[in-house]
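Participant: PDB, C-alpha atoms and all ligand atoms, file upload-v1.pdb:
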```
ATOM      1  CA  MET A   8      70.557 115.617 102.011  1.00  0.00           C
ATOM      2  CA  VAL A   9      73.948 117.352 102.053  1.00  0.00           C
ATOM      3  CA  LEU A  10      73.108 118.910 105.422  1.00  0.00           C
ATOM      4  CA  ARG A  11      72.139 115.488 106.796  1.00  0.00           C
ATOM      5  CA  LYS A  12      75.475 114.080 105.616  1.00  0.00           C
ATOM      6  CA  VAL A  13      77.391 116.953 107.244  1.00  0.00           C
ATOM      7  CA  LEU A  14      75.465 116.578 110.516  1.00  0.00           C
ATOM      8  CA  PHE A  15      76.054 112.818 110.490  1.00  0.00           C
ATOM      9  CA  ARG A  16      79.797 113.331 110.002  1.00  0.00           C
ATOM     10  CA  LEU A  17      79.844 115.929 112.771  1.00  0.00           C
ATOM     11  CA  MET A  18      78.122 113.466 115.129  1.00  0.00           C
ATOM     12  CA  ILE A  19      80.699 110.792 114.275  1.00  0.00           C
ATOM     13  CA  ALA A  20      83.533 113.273 114.816  1.00  0.00           C
ATOM     14  CA  ILE A  21      82.133 114.272 118.237  1.00  0.00           C
ATOM     15  CA  TYR A  22      81.674 110.577 119.145  1.00  0.00           C
ATOM     16  CA  CYS A  23      85.261 109.764 118.092  1.00  0.00           C
ATOM     17  CA  VAL A  24      86.690 112.677 120.062  1.00  0.00           C
ATOM     18  CA  TRP A  25      84.645 111.543 123.057  1.00  0.00           C
ATOM     19  CA  LEU A  26      86.213 108.087 122.679  1.00  0.00           C
ATOM     20  CA  GLY A  27      89.643 109.716 122.689  1.00  0.00           C
ATOM     21  CA  LEU A  28      90.310 109.107 119.002  1.00  0.00           C
ATOM     22  CA  SER A  29      91.754 111.687 116.695  1.00  0.00           C
ATOM     23  CA  GLY A  30      91.734 112.029 112.958  1.00  0.00           C
ATOM     24  CA  CYS A  31      93.870 111.671 109.890  1.00  0.00           C
ATOM     25  CA  GLY A  32      93.366 113.941 106.908  1.00  0.00           C
ATOM     26  CA  THR A  33      94.280 112.330 103.663  1.00  0.00           C
ATOM     27  CA  GLN A  34      94.262 114.771 100.814  1.00  0.00           C
ATOM     28  CA  SER A  35      93.788 113.997  97.206  1.00  0.00           C
ATOM     29  CA  GLN A  36      95.776 115.287  94.295  1.00  0.00           C
ATOM     30  CA  GLY A  37      95.328 118.954  93.589  1.00  0.00           C
ATOM     31  CA  ILE A  38      95.232 120.118  97.197  1.00  0.00           C
ATOM     32  CA  ARG A  39      98.287 122.095  98.174  1.00  0.00           C
ATOM     33  CA  ASN A  40     100.946 120.195 100.098  1.00  0.00           C
ATOM     34  CA  PRO A  41     101.936 121.910 103.376  1.00  0.00           C
ATOM     35  CA  ASP A  42     105.563 121.794 102.314  1.00  0.00           C
ATOM     36  CA  PRO A  43     106.245 123.131  98.805  1.00  0.00           C
ATOM     37  CA  THR A  44     109.702 121.508  98.727  1.00  0.00           C
ATOM     38  CA  ALA A  45     107.937 118.134  98.615  1.00  0.00           C
ATOM     39  CA  ILE A  46     107.114 118.714  94.970  1.00  0.00           C
ATOM     40  CA  ILE A  47     110.466 117.223  93.995  1.00  0.00           C
ATOM     41  CA  MET A  48     109.712 114.014  95.856  1.00  0.00           C
ATOM     42  CA  GLN A  49     106.663 112.590  94.131  1.00  0.00           C
ATOM     43  CA  SER A  50     106.318 108.867  94.532  1.00  0.00           C
ATOM     44  CA  ASP A  51     106.768 106.717  91.454  1.00  0.00           C
ATOM     45  CA  ASN A  52     104.263 104.168  92.687  1.00  0.00           C
ATOM     46  CA  ARG A  53     101.785 103.680  95.503  1.00  0.00           C
ATOM     47  CA  CYS A  54     101.681  99.919  95.750  1.00  0.00           C
ATOM     48  CA  ILE A  55     103.682  97.563  97.982  1.00  0.00           C
ATOM     49  CA  ASP A  56     106.091  95.146  96.360  1.00  0.00           C
ATOM     50  CA  PRO A  57     106.887  92.536  99.062  1.00  0.00           C
ATOM     51  CA  ALA A  58     110.090  91.631  97.197  1.00  0.00           C
ATOM     52  CA  ARG A  59     111.461  95.110  97.677  1.00  0.00           C
ATOM     53  CA  THR A  60     112.894  96.965 100.675  1.00  0.00           C
ATOM     54  CA  TYR A  61     111.827 100.599 100.829  1.00  0.00           C
ATOM     55  CA  SER A  62     113.851 103.334 102.474  1.00  0.00           C
ATOM     56  CA  ILE A  63     112.282 105.437 105.213  1.00  0.00           C
ATOM     57  CA  ARG A  64     113.580 108.613 106.802  1.00  0.00           C
ATOM     58  CA  ILE A  65     112.275 110.163 110.009  1.00  0.00           C
ATOM     59  CA  ASP A  66     112.543 113.890 110.630  1.00  0.00           C
ATOM     60  CA  ARG A  67     115.206 114.667 113.244  1.00  0.00           C
ATOM     61  CA  ARG A  68     113.000 117.428 114.632  1.00  0.00           C
ATOM     62  CA  PHE A  69     110.885 114.787 116.413  1.00  0.00           C
ATOM     63  CA  SER A  70     112.096 114.153 119.984  1.00  0.00           C
ATOM     64  CA  HIS A  71     114.398 111.171 120.453  1.00  0.00           C
ATOM     65  CA  ASP A  72     111.646 109.170 122.184  1.00  0.00           C
ATOM     66  CA  ARG A  73     109.155 109.879 119.394  1.00  0.00           C
ATOM     67  CA  GLN A  74     111.697 108.893 116.745  1.00  0.00           C
ATOM     68  CA  GLN A  75     112.323 105.700 118.731  1.00  0.00           C
ATOM     69  CA  ALA A  76     108.575 104.958 118.981  1.00  0.00           C
ATOM     70  CA  MET A  77     108.264 105.202 115.184  1.00  0.00           C
ATOM     71  CA  ILE A  78     111.395 103.115 114.554  1.00  0.00           C
ATOM     72  CA  GLU A  79     109.958 100.399 116.831  1.00  0.00           C
ATOM     73  CA  THR A  80     106.885 100.277 114.570  1.00  0.00           C
ATOM     74  CA  ILE A  81     108.864  99.506 111.397  1.00  0.00           C
ATOM     75  CA  PRO A  82     108.775  95.673 111.884  1.00  0.00           C
ATOM     76  CA  ALA A  83     104.946  95.775 112.258  1.00  0.00           C
ATOM     77  CA  MET A  84     104.729  97.181 108.723  1.00  0.00           C
ATOM     78  CA  GLU A  85     105.740  93.745 107.432  1.00  0.00           C
ATOM     79  CA  GLN A  86     102.189  92.649 108.312  1.00  0.00           C
ATOM     80  CA  ILE A  87     101.219  94.409 105.074  1.00  0.00           C
ATOM     81  CA  GLY A  88     104.290  93.185 103.198  1.00  0.00           C
ATOM     82  CA  LEU A  89     106.099  96.478 103.649  1.00  0.00           C
ATOM     83  CA  ARG A  90     109.789  96.052 104.393  1.00  0.00           C
ATOM     84  CA  LEU A  91     111.379  99.314 105.473  1.00  0.00           C
ATOM     85  CA  ARG A  92     115.012 100.263 105.983  1.00  0.00           C
ATOM     86  CA  LEU A  93     115.805 103.360 108.008  1.00  0.00           C
ATOM     87  CA  VAL A  94     118.042 105.949 106.330  1.00  0.00           C
ATOM     88  CA  GLU A  95     119.441 109.161 107.781  1.00  0.00           C
ATOM     89  CA  THR A  96     119.911 111.248 104.640  1.00  0.00           C
ATOM     90  CA  GLY A  97     118.904 111.513 101.023  1.00  0.00           C
ATOM     91  CA  MET A  98     115.577 111.127  99.283  1.00  0.00           C
ATOM     92  CA  PRO A  99     113.831 108.083 100.712  1.00  0.00           C
ATOM     93  CA  ASP A 100     110.774 106.213  99.474  1.00  0.00           C
ATOM     94  CA  VAL A 101     108.889 107.648 102.423  1.00  0.00           C
ATOM     95  CA  TYR A 102     109.855 110.625 104.571  1.00  0.00           C
ATOM     96  CA  VAL A 103     108.037 111.183 107.881  1.00  0.00           C
ATOM     97  CA  ARG A 104     108.054 114.916 108.508  1.00  0.00           C
ATOM     98  CA  LEU A 105     107.194 116.898 111.612  1.00  0.00           C
ATOM     99  CA  TRP A 106     104.214 119.157 111.017  1.00  0.00           C
ATOM    100  CA  ARG A 107     102.068 121.507 113.099  1.00  0.00           C
ATOM    101  CA  ASN A 108      98.326 121.600 112.720  1.00  0.00           C
ATOM    102  CA  TYR A 109      97.497 125.134 113.840  1.00  0.00           C
ATOM    103  CA  ASN A 110      93.796 124.858 113.031  1.00  0.00           C
ATOM    104  CA  PRO A 111      91.991 124.711 116.406  1.00  0.00           C
ATOM    105  CA  LEU A 112      88.870 123.276 114.754  1.00  0.00           C
ATOM    106  CA  SER A 113      90.712 120.378 113.142  1.00  0.00           C
ATOM    107  CA  PHE A 114      91.331 116.985 114.799  1.00  0.00           C
ATOM    108  CA  THR A 115      93.999 116.032 112.279  1.00  0.00           C
ATOM    109  CA  MET A 116      97.198 114.504 113.708  1.00  0.00           C
ATOM    110  CA  GLY A 117      98.601 113.120 110.487  1.00  0.00           C
ATOM    111  CA  LEU A 118      98.467 113.937 106.825  1.00  0.00           C
ATOM    112  CA  TYR A 119      99.336 112.362 103.532  1.00  0.00           C
ATOM    113  CA  THR A 120      98.927 114.097 100.198  1.00  0.00           C
ATOM    114  CA  TYR A 121      98.895 112.010  97.067  1.00  0.00           C
ATOM    115  CA  PRO A 122     101.261 111.551  95.200  1.00  0.00           C
ATOM    116  CA  TYR A 123     104.099 112.775  97.431  1.00  0.00           C
ATOM    117  CA  THR A 124     106.562 110.640  99.353  1.00  0.00           C
ATOM    118  CA  TYR A 125     106.209 112.839 102.442  1.00  0.00           C
ATOM    119  CA  VAL A 126     103.873 112.012 105.292  1.00  0.00           C
ATOM    120  CA  TYR A 127     103.246 114.517 108.076  1.00  0.00           C
ATOM    121  CA  ILE A 128     102.662 113.985 111.795  1.00  0.00           C
ATOM    122  CA  ASP A 129     101.897 116.637 114.402  1.00  0.00           C
ATOM    123  CA  PRO A 130     103.440 115.309 117.655  1.00  0.00           C
ATOM    124  CA  ALA A 131     101.589 117.923 119.721  1.00  0.00           C
ATOM    125  CA  ARG A 132      98.232 116.450 118.642  1.00  0.00           C
ATOM    126  CA  VAL A 133      99.179 112.850 119.399  1.00  0.00           C
ATOM    127  CA  LEU A 134      98.162 111.903 122.926  1.00  0.00           C
ATOM    128  CA  THR A 135      99.974 108.606 123.638  1.00  0.00           C
ATOM    129  CA  ARG A 136     103.069 106.779 122.425  1.00  0.00           C
ATOM    130  CA  THR A 137     100.850 104.000 121.060  1.00  0.00           C
ATOM    131  CA  GLN A 138      98.740 106.534 119.192  1.00  0.00           C
ATOM    132  CA  LEU A 139     101.889 107.989 117.619  1.00  0.00           C
ATOM    133  CA  GLN A 140     102.814 104.486 116.440  1.00  0.00           C
ATOM    134  CA  ARG A 141      99.348 103.987 114.974  1.00  0.00           C
ATOM    135  CA  VAL A 142      99.443 107.373 113.217  1.00  0.00           C
ATOM    136  CA  PHE A 143     102.869 106.465 111.826  1.00  0.00           C
ATOM    137  CA  ALA A 144     101.652 103.085 110.509  1.00  0.00           C
ATOM    138  CA  HIS A 145      98.455 104.671 109.125  1.00  0.00           C
ATOM    139  CA  GLU A 146     100.182 107.502 107.242  1.00  0.00           C
ATOM    140  CA  VAL A 147     102.954 105.284 105.872  1.00  0.00           C
ATOM    141  CA  ALA A 148     100.292 102.832 104.635  1.00  0.00           C
ATOM    142  CA  HIS A 149      98.517 105.750 102.897  1.00  0.00           C
ATOM    143  CA  ARG A 150     101.768 106.531 101.112  1.00  0.00           C
ATOM    144  CA  PHE A 151     101.669 103.018  99.659  1.00  0.00           C
ATOM    145  CA  GLY A 152      98.074 103.217  98.509  1.00  0.00           C
ATOM    146  CA  LEU A 153      95.842 102.065 101.370  1.00  0.00           C
ATOM    147  CA  GLN A 154      92.724 104.155 101.915  1.00  0.00           C
ATOM    148  CA  HIS A 155      90.451 104.600 104.902  1.00  0.00           C
ATOM    149  CA  VAL A 156      88.640 101.594 106.342  1.00  0.00           C
ATOM    150  CA  CYS A 157      85.683 103.104 108.191  1.00  0.00           C
ATOM    151  CA  ARG A 158      83.904 101.894 111.324  1.00  0.00           C
ATOM    152  CA  VAL A 159      80.656 103.458 110.107  1.00  0.00           C
ATOM    153  CA  PRO A 160      79.607 105.114 106.825  1.00  0.00           C
ATOM    154  CA  TYR A 161      80.912 108.675 106.316  1.00  0.00           C
ATOM    155  CA  GLU A 162      83.530 108.381 109.087  1.00  0.00           C
ATOM    156  CA  GLY A 163      86.132 111.011 108.262  1.00  0.00           C
ATOM    157  CA  LYS A 164      86.181 113.460 105.390  1.00  0.00           C
ATOM    158  CA  GLU A 165      87.415 111.107 102.681  1.00  0.00           C
ATOM    159  CA  PRO A 166      85.553 108.240 101.012  1.00  0.00           C
ATOM    160  CA  CYS A 167      85.538 104.899 102.863  1.00  0.00           C
ATOM    161  CA  SER A 168      87.040 101.798 101.277  1.00  0.00           C
ATOM    162  CA  PRO A 169      84.347  99.402  99.999  1.00  0.00           C
ATOM    163  CA  VAL A 170      85.857  96.466 101.949  1.00  0.00           C
ATOM    164  CA  GLY A 171      83.344  96.821 104.784  1.00  0.00           C
ATOM    165  CA  PHE A 172      83.080  98.478 108.171  1.00  0.00           C
ATOM    166  CA  GLY A 173      85.040  97.726 111.313  1.00  0.00           C
ATOM    167  CA  GLU A 174      88.227  98.271 113.263  1.00  0.00           C
ATOM    168  CA  GLY A 175      91.552  98.774 111.522  1.00  0.00           C
ATOM    169  CA  VAL A 176      94.814 100.700 111.483  1.00  0.00           C
ATOM    170  CA  MET A 177      93.289 102.484 108.475  1.00  0.00           C
ATOM    171  CA  ASN A 178      90.310 103.868 110.466  1.00  0.00           C
ATOM    172  CA  PRO A 179      90.141 107.654 109.915  1.00  0.00           C
ATOM    173  CA  PHE A 180      89.985 108.207 113.670  1.00  0.00           C
ATOM    174  CA  ILE A 181      93.001 106.696 115.354  1.00  0.00           C
ATOM    175  CA  GLN A 182      92.940 104.849 118.654  1.00  0.00           C
ATOM    176  CA  MET A 183      95.098 105.813 121.616  1.00  0.00           C
ATOM    177  CA  TYR A 184      95.911 102.533 123.333  1.00  0.00           C
ATOM    178  CA  GLU A 185      95.803  99.736 120.746  1.00  0.00           C
ATOM    179  CA  PRO A 186      99.238  98.646 119.467  1.00  0.00           C
ATOM    180  CA  VAL A 187      99.772  98.510 115.697  1.00  0.00           C
ATOM    181  CA  GLN A 188      98.016  95.398 114.471  1.00  0.00           C
ATOM    182  CA  PHE A 189      96.636  95.394 110.938  1.00  0.00           C
ATOM    183  CA  THR A 190      93.191  93.722 110.912  1.00  0.00           C
ATOM    184  CA  PRO A 191      91.554  91.462 108.283  1.00  0.00           C
ATOM    185  CA  LEU A 192      89.776  94.573 106.925  1.00  0.00           C
ATOM    186  CA  ASP A 193      93.127  96.383 106.523  1.00  0.00           C
ATOM    187  CA  LEU A 194      94.456  93.338 104.677  1.00  0.00           C
ATOM    188  CA  GLN A 195      91.410  93.298 102.394  1.00  0.00           C
ATOM    189  CA  GLU A 196      92.083  96.954 101.640  1.00  0.00           C
ATOM    190  CA  LEU A 197      95.721  96.053 100.915  1.00  0.00           C
ATOM    191  CA  ARG A 198      94.604  93.407  98.420  1.00  0.00           C
ATOM    192  CA  ARG A 199      92.135  95.852  96.872  1.00  0.00           C
ATOM    193  CA  VAL A 200      94.577  98.689  96.183  1.00  0.00           C
ATOM    194  CA  GLY A 201      97.913  98.362  97.869  1.00  0.00           C
ATOM    195  CA  LEU A 202      99.654  95.263  96.576  1.00  0.00           C
ATOM    196  CA  CYS A 203     101.673  95.510  93.375  1.00  0.00           C
ATOM    197  CA  SER A 204     100.533  93.097  90.697  1.00  0.00           C
ATOM    198  CA  SER A 205     102.832  90.172  90.016  1.00  0.00           C
ATOM    199  CA  GLY A 206     105.498  91.068  87.515  1.00  0.00           C
ATOM    200  CA  PHE A 207     105.775  94.556  88.975  1.00  0.00           C
ATOM    201  CA  VAL A 208     108.753  96.316  87.427  1.00  0.00           C
ATOM    202  CA  ARG A 209     110.842  98.592  89.555  1.00  0.00           C
ATOM    203  CA  THR A 210     111.000 102.001  87.956  1.00  0.00           C
ATOM    204  CA  ARG A 211     114.007 103.337  89.812  1.00  0.00           C
TER     205      ARG A 211
HETATM  206 ZN    ZN B   1      94.204 108.562 106.991  1.00  0.00          ZN
END
```
Please render this file's structure as structure tokens.
Ligand SMILES: [Zn+2]

Facilitator:
Amino acid sequence: MVLRKVLFRLMIAIYCVWLGLSGCGTQSQGIRNPDPTAIIMQSDNRCIDPARTYSIRIDRRFSHDRQQAMIETIPAMEQIGLRLRLVETGMPDVYVRLWRNYNPLSFTMGLYTYPYTYVYIDPARVLTRTQLQRVFAHEVAHRFGLQHVCRVPYEGKEPCSPVGFGEGVMNPFIQMYEPVQFTPLDLQELRRVGLCSSGFVRTR
């Protein structure tokens, strides 16, 4: 049974790579963060409060064009009620860090480890500007609680959200040419886990 599951996942991974999609690895608590300094930047919450503006910082080690591509995606995050304000310094609510995935057997382009405020993107693994924008939106949404919306069961290494199967920014394998557009399934996932309950109290 376990072998069947592994083989099924491998087939999906091969299919997704054939389609030109590449993966996101979300890690759960307990797995080591690639950057030990991130330990001081644990997030105080994972939900989105639409009444609040969250600060975002983008690593200066990304090329100017890549930084620009991510900055251009910030307004699209309002589709999930996430208002972001770009900051240059300090400890933001979400910090997009440059990262290198040196594992040749891994398809991972982006990474988020609960409960940190850092998200990681490997620019060398991202194939198009649009894909970078989708990885950005996907990882930032993870930071605020959204989990994977799968196209098919067992897509990706992490559990699929129970909202159903279909296309979404939160698909574990990330498209190359589709601009960032959160789908009804993404929004269902947002309502399931990502939206702060009414009366949410800001803790800092
Ligand atoms: Zn992901």

Participant: Going by the chain IDs and residue numbers used in this file, which residues fall under the PyMOL selection byres (((not hetatm)) within 12 of (chain B and resi 1))? Write them as a PyMOL selection string.

Facilitator: chain A and resi 29-35+114-121+126-128+141-157+162-168+175-181

Participant: Would you mind telling me which residue in A:Arg107, A:Tyr123, A:Ile81, A:Pro99 lies nearest to Arg68 in chain A when using only C-alpha atoms?

Facilitator: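 Among the listed residues, the smallest separation from Arg68 in chain A belongs to A:Arg107.
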
Participant: Report, in Å with one decimal, the straight-line distance from CA of Ala83 in chain A to CA of Ile55 in chain A.

Facilitator: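 Computing it gives 14.4 Å between the two atoms.
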
Participant: I want to know what sits within 12 Å of Gln74 in chain A, based on all atoms listed in the file, with residues of the same chain fewer than 2 positions away left out; could you give that as a PyMOL selection string?

Facilitator: chain A and resi 64-72+76-81+93+95+103-105+128+130+136+139-140+143

Participant: Expanded to explicit residues, what is the PyMOL selection byres (((chain A and resi 171) around 10) and not hetatm) for this file, as a list in words?

Facilitator: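 With the PyMOL selection byres (((chain A and resi 171) around 10) and not hetatm) on this model, the match is Val156, Cys157, Arg158, Val159, Pro160, Cys167, Ser168, Pro169, Val170, Phe172, Gly173, Glu174, Leu192, Asp193, Gln195 and Glu196 of chain A.
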
Participant: Draw an axis-aligned box tight on the listed atoms of range 84-88 of chain A, then pad every side by 6 Å and write out centre and edge lengths in Å to one decimal as AutoDock Vina command-line options.

Facilitator:
```
--center_x 103.5 --center_y 94.9 --center_z 106.0 --size_x 16.5 --size_y 16.5 --size_z 17.5
```

Participant: Pick out the residues sitting within 6 Å of range 183-187 of chain A, and hand them over as a list in words; count only C-alpha atoms, and ignore anything fewer than 6 positions along from it in its own chain.

Facilitator: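 Surrounding residues, per the criterion: Thr135, Thr137, Gln138 and Arg141 of chain A.
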
Participant: Distance CA of Ile87 in chain A-CA of Asp100 in chain A, one decimal place?

Facilitator: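 Taking CA of Ile87 in chain A and CA of Asp100 in chain A, their separation equals 16.2 Å.
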
Participant: Rounded to one decimal, what separation in Å do you get between CA of Leu134 in chain A and CA of Leu89 in chain A?

Facilitator: 25.9 Å

Participant: Point out the residue among A:Gly97, A:Pro191, A:Gly201, A:Pro111 with the least atom-to-atom distance to Asp56 in chain A, counting only C-alpha atoms.

Facilitator: A:Gly201

Participant: Please write as an MDAnalysis selection string the full residue list that the PyMOL selection byres (((chain A and resi 58) around 10) and not hetatm) yields on this file.

Facilitator: chainID A and resid 55:57 59:61 88:90 207

Participant: Since the input has fewer atoms than a full residue there, write range 112-143 of chain A out with N, CA and C atoms, as a PDB file, in the frame of the given file.

Facilitator:
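Saved to rebuild.pdb:
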```pdb
ATOM      1  N   LEU A 112      90.113 124.008 115.012  1.00  0.00           N
ATOM      2  CA  LEU A 112      88.870 123.276 114.754  1.00  0.00           C
ATOM      3  C   LEU A 112      89.122 121.922 114.106  1.00  0.00           C
ATOM      4  N   SER A 113      90.382 121.618 113.841  1.00  0.00           N
ATOM      5  CA  SER A 113      90.712 120.378 113.142  1.00  0.00           C
ATOM      6  C   SER A 113      91.243 119.345 114.130  1.00  0.00           C
ATOM      7  N   PHE A 114      90.852 118.076 113.936  1.00  0.00           N
ATOM      8  CA  PHE A 114      91.331 116.985 114.799  1.00  0.00           C
ATOM      9  C   PHE A 114      92.529 116.265 114.175  1.00  0.00           C
ATOM     10  N   THR A 115      93.021 116.774 113.061  1.00  0.00           N
ATOM     11  CA  THR A 115      93.999 116.032 112.279  1.00  0.00           C
ATOM     12  C   THR A 115      95.365 115.963 112.963  1.00  0.00           C
ATOM     13  N   MET A 116      95.873 114.732 113.118  1.00  0.00           N
ATOM     14  CA  MET A 116      97.198 114.504 113.708  1.00  0.00           C
ATOM     15  C   MET A 116      98.217 114.133 112.655  1.00  0.00           C
ATOM     16  N   GLY A 117      97.708 113.587 111.541  1.00  0.00           N
ATOM     17  CA  GLY A 117      98.601 113.120 110.487  1.00  0.00           C
ATOM     18  C   GLY A 117      98.021 113.466 109.143  1.00  0.00           C
ATOM     19  N   LEU A 118      98.892 113.492 108.137  1.00  0.00           N
ATOM     20  CA  LEU A 118      98.467 113.937 106.825  1.00  0.00           C
ATOM     21  C   LEU A 118      99.290 113.238 105.755  1.00  0.00           C
ATOM     22  N   TYR A 119      98.608 112.817 104.713  1.00  0.00           N
ATOM     23  CA  TYR A 119      99.336 112.362 103.532  1.00  0.00           C
ATOM     24  C   TYR A 119      98.675 112.977 102.312  1.00  0.00           C
ATOM     25  N   THR A 120      99.464 113.507 101.423  1.00  0.00           N
ATOM     26  CA  THR A 120      98.927 114.097 100.198  1.00  0.00           C
ATOM     27  C   THR A 120      99.445 113.323  99.007  1.00  0.00           C
ATOM     28  N   TYR A 121      98.524 112.715  98.284  1.00  0.00           N
ATOM     29  CA  TYR A 121      98.895 112.010  97.067  1.00  0.00           C
ATOM     30  C   TYR A 121      99.414 113.014  96.043  1.00  0.00           C
ATOM     31  N   PRO A 122     100.478 112.780  95.297  1.00  0.00           N
ATOM     32  CA  PRO A 122     101.261 111.551  95.200  1.00  0.00           C
ATOM     33  C   PRO A 122     102.647 111.678  95.849  1.00  0.00           C
ATOM     34  N   TYR A 123     102.775 112.492  96.874  1.00  0.00           N
ATOM     35  CA  TYR A 123     104.099 112.775  97.431  1.00  0.00           C
ATOM     36  C   TYR A 123     104.634 111.619  98.274  1.00  0.00           C
ATOM     37  N   THR A 124     105.946 111.667  98.510  1.00  0.00           N
ATOM     38  CA  THR A 124     106.562 110.640  99.353  1.00  0.00           C
ATOM     39  C   THR A 124     106.634 111.104 100.811  1.00  0.00           C
ATOM     40  N   TYR A 125     106.192 112.327 101.073  1.00  0.00           N
ATOM     41  CA  TYR A 125     106.209 112.839 102.442  1.00  0.00           C
ATOM     42  C   TYR A 125     104.916 112.466 103.159  1.00  0.00           C
ATOM     43  N   VAL A 126     105.044 112.066 104.427  1.00  0.00           N
ATOM     44  CA  VAL A 126     103.873 112.012 105.292  1.00  0.00           C
ATOM     45  C   VAL A 126     104.147 112.963 106.462  1.00  0.00           C
ATOM     46  N   TYR A 127     103.096 113.500 107.041  1.00  0.00           N
ATOM     47  CA  TYR A 127     103.246 114.517 108.076  1.00  0.00           C
ATOM     48  C   TYR A 127     102.568 114.074 109.361  1.00  0.00           C
ATOM     49  N   ILE A 128     103.248 114.299 110.487  1.00  0.00           N
ATOM     50  CA  ILE A 128     102.662 113.985 111.795  1.00  0.00           C
ATOM     51  C   ILE A 128     102.873 115.181 112.718  1.00  0.00           C
ATOM     52  N   ASP A 129     101.793 115.571 113.410  1.00  0.00           N
ATOM     53  CA  ASP A 129     101.897 116.637 114.402  1.00  0.00           C
ATOM     54  C   ASP A 129     102.038 115.992 115.779  1.00  0.00           C
ATOM     55  N   PRO A 130     103.237 116.005 116.370  1.00  0.00           N
ATOM     56  CA  PRO A 130     103.440 115.309 117.655  1.00  0.00           C
ATOM     57  C   PRO A 130     102.663 115.951 118.792  1.00  0.00           C
ATOM     58  N   ALA A 131     102.320 117.243 118.649  1.00  0.00           N
ATOM     59  CA  ALA A 131     101.589 117.923 119.721  1.00  0.00           C
ATOM     60  C   ALA A 131     100.135 117.454 119.779  1.00  0.00           C
ATOM     61  N   ARG A 132      99.625 116.910 118.677  1.00  0.00           N
ATOM     62  CA  ARG A 132      98.232 116.450 118.642  1.00  0.00           C
ATOM     63  C   ARG A 132      98.098 114.994 119.087  1.00  0.00           C
ATOM     64  N   VAL A 133      99.203 114.278 119.067  1.00  0.00           N
ATOM     65  CA  VAL A 133      99.179 112.850 119.399  1.00  0.00           C
ATOM     66  C   VAL A 133      99.232 112.715 120.914  1.00  0.00           C
ATOM     67  N   LEU A 134      98.318 111.901 121.476  1.00  0.00           N
ATOM     68  CA  LEU A 134      98.162 111.903 122.926  1.00  0.00           C
ATOM     69  C   LEU A 134      98.960 110.813 123.642  1.00  0.00           C
ATOM     70  N   THR A 135      99.213 109.675 122.991  1.00  0.00           N
ATOM     71  CA  THR A 135      99.974 108.606 123.638  1.00  0.00           C
ATOM     72  C   THR A 135     101.043 108.099 122.672  1.00  0.00           C
ATOM     73  N   ARG A 136     102.007 107.367 123.238  1.00  0.00           N
ATOM     74  CA  ARG A 136     103.069 106.779 122.425  1.00  0.00           C
ATOM     75  C   ARG A 136     102.470 105.769 121.427  1.00  0.00           C
ATOM     76  N   THR A 137     101.497 104.994 121.931  1.00  0.00           N
ATOM     77  CA  THR A 137     100.850 104.000 121.060  1.00  0.00           C
ATOM     78  C   THR A 137     100.099 104.690 119.927  1.00  0.00           C
ATOM     79  N   GLN A 138      99.466 105.817 120.244  1.00  0.00           N
ATOM     80  CA  GLN A 138      98.740 106.534 119.192  1.00  0.00           C
ATOM     81  C   GLN A 138      99.715 107.063 118.132  1.00  0.00           C
ATOM     82  N   LEU A 139     100.880 107.538 118.581  1.00  0.00           N
ATOM     83  CA  LEU A 139     101.889 107.989 117.619  1.00  0.00           C
ATOM     84  C   LEU A 139     102.275 106.839 116.681  1.00  0.00           C
ATOM     85  N   GLN A 140     102.433 105.643 117.266  1.00  0.00           N
ATOM     86  CA  GLN A 140     102.814 104.486 116.440  1.00  0.00           C
ATOM     87  C   GLN A 140     101.706 104.137 115.449  1.00  0.00           C
ATOM     88  N   ARG A 141     100.473 104.274 115.880  1.00  0.00           N
ATOM     89  CA  ARG A 141      99.348 103.987 114.974  1.00  0.00           C
ATOM     90  C   ARG A 141      99.242 105.048 113.875  1.00  0.00           C
ATOM     91  N   VAL A 142      99.471 106.306 114.237  1.00  0.00           N
ATOM     92  CA  VAL A 142      99.443 107.373 113.217  1.00  0.00           C
ATOM     93  C   VAL A 142     100.557 107.128 112.197  1.00  0.00           C
ATOM     94  N   PHE A 143     101.725 106.771 112.699  1.00  0.00           N
ATOM     95  CA  PHE A 143     102.869 106.465 111.826  1.00  0.00           C
ATOM     96  C   PHE A 143     102.500 105.355 110.833  1.00  0.00           C
TER      97      PHE A 143
END
```
